[in-house]
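Raw contents of input-v3.pdb, PDB, C-alpha atoms:
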ATOM      1  CA  MET A   1     -22.377   0.483 -19.068
ATOM      2  CA  THR A   2     -19.309   2.265 -17.705
ATOM      3  CA  GLU A   3     -15.806   1.499 -18.859
ATOM      4  CA  PRO A   4     -14.199  -1.454 -17.057
ATOM      5  CA  ILE A   5     -11.510  -0.824 -14.450
ATOM      6  CA  ARG A   6      -8.177  -1.310 -16.190
ATOM      7  CA  ILE A   7      -5.630  -3.159 -14.055
ATOM      8  CA  VAL A   8      -2.000  -4.289 -14.205
ATOM      9  CA  ILE A   9      -1.138  -7.289 -12.017
ATOM     10  CA  ALA A  10       2.369  -8.210 -10.864
ATOM     11  CA  ASP A  11       3.333 -11.361  -8.958
ATOM     12  CA  ASP A  12       6.347 -13.626  -9.334
ATOM     13  CA  HIS A  13       4.429 -16.898  -8.842
ATOM     14  CA  PRO A  14       3.036 -17.914 -12.266
ATOM     15  CA  LEU A  15       0.242 -20.142 -10.952
ATOM     16  CA  PHE A  16      -0.923 -17.498  -8.475
ATOM     17  CA  LEU A  17      -0.721 -14.817 -11.185
ATOM     18  CA  ASP A  18      -2.799 -16.996 -13.528
ATOM     19  CA  GLY A  19      -5.381 -17.389 -10.757
ATOM     20  CA  LEU A  20      -5.527 -13.626 -10.206
ATOM     21  CA  VAL A  21      -5.993 -12.980 -13.911
ATOM     22  CA  ALA A  22      -8.782 -15.589 -14.133
ATOM     23  CA  THR A  23     -10.496 -14.320 -10.967
ATOM     24  CA  LEU A  24     -10.434 -10.689 -12.028
ATOM     25  CA  SER A  25     -11.255 -11.365 -15.685
ATOM     26  CA  ALA A  26     -14.429 -13.177 -14.593
ATOM     27  CA  ASP A  27     -15.861  -9.776 -13.651
ATOM     28  CA  ALA A  28     -17.093  -7.689 -16.600
ATOM     29  CA  GLU A  29     -16.278  -4.509 -14.648
ATOM     30  CA  ILE A  30     -12.540  -5.341 -14.535
ATOM     31  CA  ARG A  31     -10.154  -5.719 -17.466
ATOM     32  CA  VAL A  32      -6.585  -6.971 -17.009
ATOM     33  CA  VAL A  33      -4.421  -4.872 -19.351
ATOM     34  CA  GLY A  34      -0.991  -6.060 -18.257
ATOM     35  CA  ILE A  35       0.837  -8.667 -16.214
ATOM     36  CA  ALA A  36       4.358  -8.786 -14.847
ATOM     37  CA  HIS A  37       6.580 -11.096 -12.810
ATOM     38  CA  ALA A  38       8.989  -8.487 -11.405
ATOM     39  CA  ALA A  39       9.087  -4.854 -10.316
ATOM     40  CA  ALA A  40      10.747  -3.426 -13.442
ATOM     41  CA  ALA A  41       8.243  -5.180 -15.697
ATOM     42  CA  ALA A  42       5.364  -3.936 -13.518
ATOM     43  CA  VAL A  43       6.557  -0.344 -13.841
ATOM     44  CA  LYS A  44       6.943  -0.785 -17.606
ATOM     45  CA  ALA A  45       3.442  -2.298 -17.919
ATOM     46  CA  ALA A  46       1.979   0.580 -15.906
ATOM     47  CA  ARG A  47       3.751   3.206 -18.013
ATOM     48  CA  GLU A  48       2.634   1.562 -21.256
ATOM     49  CA  ASN A  49      -0.985   0.887 -20.263
ATOM     50  CA  LEU A  50      -1.724   3.731 -17.796
ATOM     51  CA  PRO A  51      -4.107   1.506 -15.816
ATOM     52  CA  ASP A  52      -6.654   2.625 -13.246
ATOM     53  CA  LEU A  53      -5.173   0.156 -10.737
ATOM     54  CA  ALA A  54      -1.914  -1.709 -10.184
ATOM     55  CA  LEU A  55      -2.070  -4.843  -8.015
ATOM     56  CA  LEU A  56       1.491  -5.544  -6.849
ATOM     57  CA  ASP A  57       3.055  -8.395  -4.896
ATOM     58  CA  VAL A  58       5.153  -6.901  -2.099
ATOM     59  CA  THR A  59       7.921  -9.528  -2.335
ATOM     60  CA  MET A  60       8.347  -9.902  -6.099
ATOM     61  CA  PRO A  61      11.861  -9.613  -7.554
ATOM     62  CA  GLY A  62      12.965  -5.990  -7.576
ATOM     63  CA  GLY A  63      10.596  -5.208  -4.700
ATOM     64  CA  GLY A  64       6.925  -4.405  -4.810
ATOM     65  CA  LEU A  65       7.421  -1.298  -2.692
ATOM     66  CA  GLU A  66       9.979   0.050  -5.154
ATOM     67  CA  ALA A  67       7.593  -0.677  -8.031
ATOM     68  CA  ALA A  68       4.844   1.159  -6.120
ATOM     69  CA  ARG A  69       7.088   4.216  -5.644
ATOM     70  CA  GLN A  70       7.977   4.342  -9.315
ATOM     71  CA  ILE A  71       4.412   3.786 -10.522
ATOM     72  CA  ASP A  72       3.127   6.428  -8.100
ATOM     73  CA  VAL A  73       5.496   8.968  -9.676
ATOM     74  CA  ALA A  74       5.178   7.862 -13.317
ATOM     75  CA  CYS A  75       1.423   7.217 -13.296
ATOM     76  CA  PRO A  76      -0.142   9.508 -10.676
ATOM     77  CA  ASN A  77      -3.705   8.527 -11.691
ATOM     78  CA  THR A  78      -3.022   4.822 -11.098
ATOM     79  CA  ARG A  79      -4.159   3.635  -7.687
ATOM     80  CA  ILE A  80      -1.893   1.008  -6.172
ATOM     81  CA  VAL A  81      -2.945  -2.020  -4.130
ATOM     82  CA  MET A  82      -0.298  -4.201  -2.500
ATOM     83  CA  LEU A  83      -0.861  -7.947  -2.270
ATOM     84  CA  THR A  84       1.094  -9.993   0.269
ATOM     85  CA  ASN A  85       1.281 -12.738   2.867
ATOM     86  CA  SER A  86       2.998 -10.387   5.303
ATOM     87  CA  GLU A  87       1.092  -9.088   8.303
ATOM     88  CA  ASP A  88       3.946  -6.805   9.379
ATOM     89  CA  GLU A  89       2.562  -3.384  10.389
ATOM     90  CA  ASP A  90       5.813  -1.667   9.390
ATOM     91  CA  GLN A  91       5.422  -3.048   5.893
ATOM     92  CA  VAL A  92       1.851  -1.712   5.712
ATOM     93  CA  LEU A  93       3.090   1.761   6.631
ATOM     94  CA  ALA A  94       5.956   1.501   4.136
ATOM     95  CA  ALA A  95       3.482   0.499   1.418
ATOM     96  CA  MET A  96       1.246   3.471   2.158
ATOM     97  CA  LYS A  97       4.265   5.801   2.121
ATOM     98  CA  ALA A  98       5.221   4.303  -1.253
ATOM     99  CA  GLY A  99       1.853   5.359  -2.656
ATOM    100  CA  ALA A 100      -0.350   2.323  -2.042
ATOM    101  CA  ARG A 101      -4.051   2.916  -1.439
ATOM    102  CA  GLY A 102      -4.708  -0.681  -0.439
ATOM    103  CA  TYR A 103      -3.000  -3.539   1.386
ATOM    104  CA  VAL A 104      -4.540  -6.975   0.826
ATOM    105  CA  LEU A 105      -3.504 -10.334   2.258
ATOM    106  CA  LYS A 106      -3.198 -13.225  -0.203
ATOM    107  CA  GLY A 107      -5.701 -15.303   1.761
ATOM    108  CA  ILE A 108      -8.541 -13.093   0.490
ATOM    109  CA  ALA A 109     -11.396 -14.637  -1.494
ATOM    110  CA  GLY A 110     -11.802 -13.716  -5.158
ATOM    111  CA  ARG A 111     -15.142 -11.967  -4.706
ATOM    112  CA  GLU A 112     -13.799  -9.938  -1.791
ATOM    113  CA  LEU A 113     -10.687  -8.956  -3.789
ATOM    114  CA  ARG A 114     -12.878  -7.682  -6.626
ATOM    115  CA  THR A 115     -14.920  -5.671  -4.100
ATOM    116  CA  VAL A 116     -11.760  -4.179  -2.562
ATOM    117  CA  LEU A 117     -10.343  -3.244  -5.968
ATOM    118  CA  LYS A 118     -13.593  -1.527  -6.950
ATOM    119  CA  ALA A 119     -13.626   0.372  -3.649
ATOM    120  CA  VAL A 120     -10.023   1.543  -4.097
ATOM    121  CA  HIS A 121     -10.818   2.536  -7.670
ATOM    122  CA  ALA A 122     -13.721   4.608  -6.281
ATOM    123  CA  GLY A 123     -11.302   6.481  -3.998
ATOM    124  CA  GLU A 124     -11.411   4.482  -0.785
ATOM    125  CA  VAL A 125      -8.390   3.217   1.133
ATOM    126  CA  TYR A 126      -8.287  -0.419   2.234
ATOM    127  CA  VAL A 127      -6.146  -2.252   4.776
ATOM    128  CA  ALA A 128      -6.871  -5.871   5.673
ATOM    129  CA  PRO A 129      -9.082  -5.744   8.799
ATOM    130  CA  SER A 130      -6.715  -7.825  10.941
ATOM    131  CA  LEU A 131      -3.903  -5.366  10.222
ATOM    132  CA  ALA A 132      -6.081  -2.284  10.586
ATOM    133  CA  TYR A 133      -7.047  -3.369  14.108
ATOM    134  CA  VAL A 134      -3.432  -3.865  15.177
ATOM    135  CA  MET A 135      -2.420  -0.519  13.679
ATOM    136  CA  LEU A 136      -5.285   1.367  15.318
ATOM    137  CA  LYS A 137      -4.560  -0.298  18.647
ATOM    138  CA  GLU A 138      -0.890   0.725  18.401
ATOM    139  CA  MET A 139      -1.754   4.278  17.364
ATOM    140  CA  SER A 140      -4.240   4.728  20.226
ATOM    141  CA  ARG A 141      -1.769   3.683  22.921
ATOM    142  CA  PRO A 142      -0.851   6.594  25.178
ATOM    143  CA  ARG A 143       2.576   7.934  24.355
ATOM    144  CA  THR A 144       5.174   8.678  26.994
ATOM    145  CA  PRO A 145       5.507  12.449  27.185
ATOM    146  CA  ASP A 146       8.859  13.979  26.306
ATOM    147  CA  PRO A 147      10.228  15.634  29.473
ATOM    148  CA  LEU A 148      11.903  18.324  27.352
ATOM    149  CA  ASP A 149       8.457  19.527  26.251
ATOM    150  CA  GLU A 150       7.730  20.527  29.861
ATOM    151  CA  LEU A 151      10.691  22.924  30.121
ATOM    152  CA  THR A 152      10.128  26.664  30.111
ATOM    153  CA  SER A 153      11.941  28.676  27.477
ATOM    154  CA  ARG A 154      14.452  29.857  30.109
ATOM    155  CA  GLU A 155      15.072  26.293  31.354
ATOM    156  CA  ARG A 156      15.618  25.181  27.738
ATOM    157  CA  GLU A 157      18.047  28.083  27.199
ATOM    158  CA  VAL A 158      20.056  27.134  30.327
ATOM    159  CA  LEU A 159      20.129  23.481  29.237
ATOM    160  CA  GLU A 160      21.437  24.470  25.789
ATOM    161  CA  LEU A 161      24.162  26.636  27.373
ATOM    162  CA  VAL A 162      25.202  23.774  29.685
ATOM    163  CA  ALA A 163      25.382  21.484  26.663
ATOM    164  CA  GLU A 164      27.620  23.993  24.873
ATOM    165  CA  GLY A 165      29.951  24.043  27.907
TER     166      GLY A 165
END
Show me, as structure tokens, the structure contained in the file I just sent.
Amino acid sequence: MTEPIRIVIADDHPLFLDGLVATLSADAEIRVVGIAHAAAAAVKAARENLPDLALLDVTMPGGGLEAARQIDVACPNTRIVMLTNSEDEDQVLAAMKAGARGYVLKGIAGRELRTVLKAVHAGEVYVAPSLAYVMLKEMSRPRTPDPLDELTSREREVLELVAEG
């Protein structure tokens, strides 16, 4: 048997956190090595335990995105998964820029969460399907061309001289 995936979980809602711990601990392939209720405590738990994964609530006190940034720097081998109710595409992008490898909505079933965590641990990236669709749709929209890109080098030079006066 391989070593279990070591995980730190951070969420500011005690009952929800207890449910996460119970759900993940029910799987022999996952071992919860730390819990936290706020960003600073999550970073501390990650530094102390050097987990394989950190599952972070986006809106916990101190900010889940800030915790992700700090964990990404302090524990570069720890893969980060954000957990949230928010379906804001900007927040997904901010989470990925902060170092997250996964973005999971809190409505996910326990079995599916365990599957996602194992996939992220194996090197995959996960974004909730409803958000991935919206993001792909937005990214595939034709962009309005920048008229300045169509200028010749001489036209650009003249424009710069006019701007200088």
Ranking A:Leu113, A:Met82, A:Ala68, A:Val120 by minimum distance to A:Val21 and counting all atoms listed in the file, which one comes first?
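Of A:Leu113, A:Met82, A:Ala68, A:Val120, the one nearest A:Val21, counting all atoms listed in the file, is A:Leu113.
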Selected by the PyMOL selection byres ((chain A and resi 94) around 12) in the shown coordinates: which residues, as a tab-separated table (two decimals) with C-alpha atoms, in the coordinates of the input?
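Just written: out02.tsv:
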chain	number	residue	atom	x	y	z
A	58	VAL	CA	5.15	-6.90	-2.10
A	64	GLY	CA	6.92	-4.40	-4.81
A	65	LEU	CA	7.42	-1.30	-2.69
A	66	GLU	CA	9.98	0.05	-5.15
A	68	ALA	CA	4.84	1.16	-6.12
A	69	ARG	CA	7.09	4.22	-5.64
A	82	MET	CA	-0.30	-4.20	-2.50
A	88	ASP	CA	3.95	-6.80	9.38
A	89	GLU	CA	2.56	-3.38	10.39
A	90	ASP	CA	5.81	-1.67	9.39
A	91	GLN	CA	5.42	-3.05	5.89
A	92	VAL	CA	1.85	-1.71	5.71
A	93	LEU	CA	3.09	1.76	6.63
A	95	ALA	CA	3.48	0.50	1.42
A	96	MET	CA	1.25	3.47	2.16
A	97	LYS	CA	4.26	5.80	2.12
A	98	ALA	CA	5.22	4.30	-1.25
A	99	GLY	CA	1.85	5.36	-2.66
A	100	ALA	CA	-0.35	2.32	-2.04
A	101	ARG	CA	-4.05	2.92	-1.44
A	102	GLY	CA	-4.71	-0.68	-0.44
A	103	TYR	CA	-3.00	-3.54	1.39
Using only C-alpha atoms, pick whichever of A:Pro51, A:Pro4, A:Pro129, A:Pro147 has the shortest atom-to-atom distance to A:Ala28.
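Smallest separation from A:Ala28 among the options: A:Pro4.
One distance worth recording is that between atom CA of A:Val125 and atom CA of A:Val81, which is 9.2 Å.
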Take the point (-7.5, 0.0, -7.5) in the file's coordinates, draw a sphere of radius 10 Å around it, and report as a PyMOL selection string every protein, DNA or RNA residue with an atom inside or on it, counting all atoms listed in the file.
chain A and resi 5-8+51-55+78-82+100-102+114-126
List the residues matched by the PyMOL selection byres ((chain A and resi 74) around 10) in the displayed structure as a ChimeraX atom specification, ordered by chain and then by residue number.
/A:43-44,46-47,50,68-73,75-78
Residues selected by the PyMOL selection byres ((chain A and resi 12) around 10), written as a PyMOL selection string:
chain A and resi 10-11+13-17+36-39+56-61
Separating atom CA of A:Ala41 from atom CA of A:Gly63, to the nearest tenth of an Å, is a gap of 11.2 Å
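If you measure from each of A:Leu83, A:Val104, A:Ala163, A:Ala26 to A:Ala128 using all atoms listed in the file, the closest one turns out to be A:Val104.
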Mind giving me the straight-line distance from atom CA of A:Ile9 to atom CA of A:Leu24 in Å, one decimal?
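Rounded to one decimal, the two atoms are 9.9 Å apart.
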Where is the centre and how long are the edges: axis-aligned box on stretch 52-55 of chain A, 3 Å on each side, Å to one decimal, as AutoDock Vina command-line options:
--center_x -4.3 --center_y -1.1 --center_z -10.6 --size_x 10.7 --size_y 13.5 --size_z 11.2
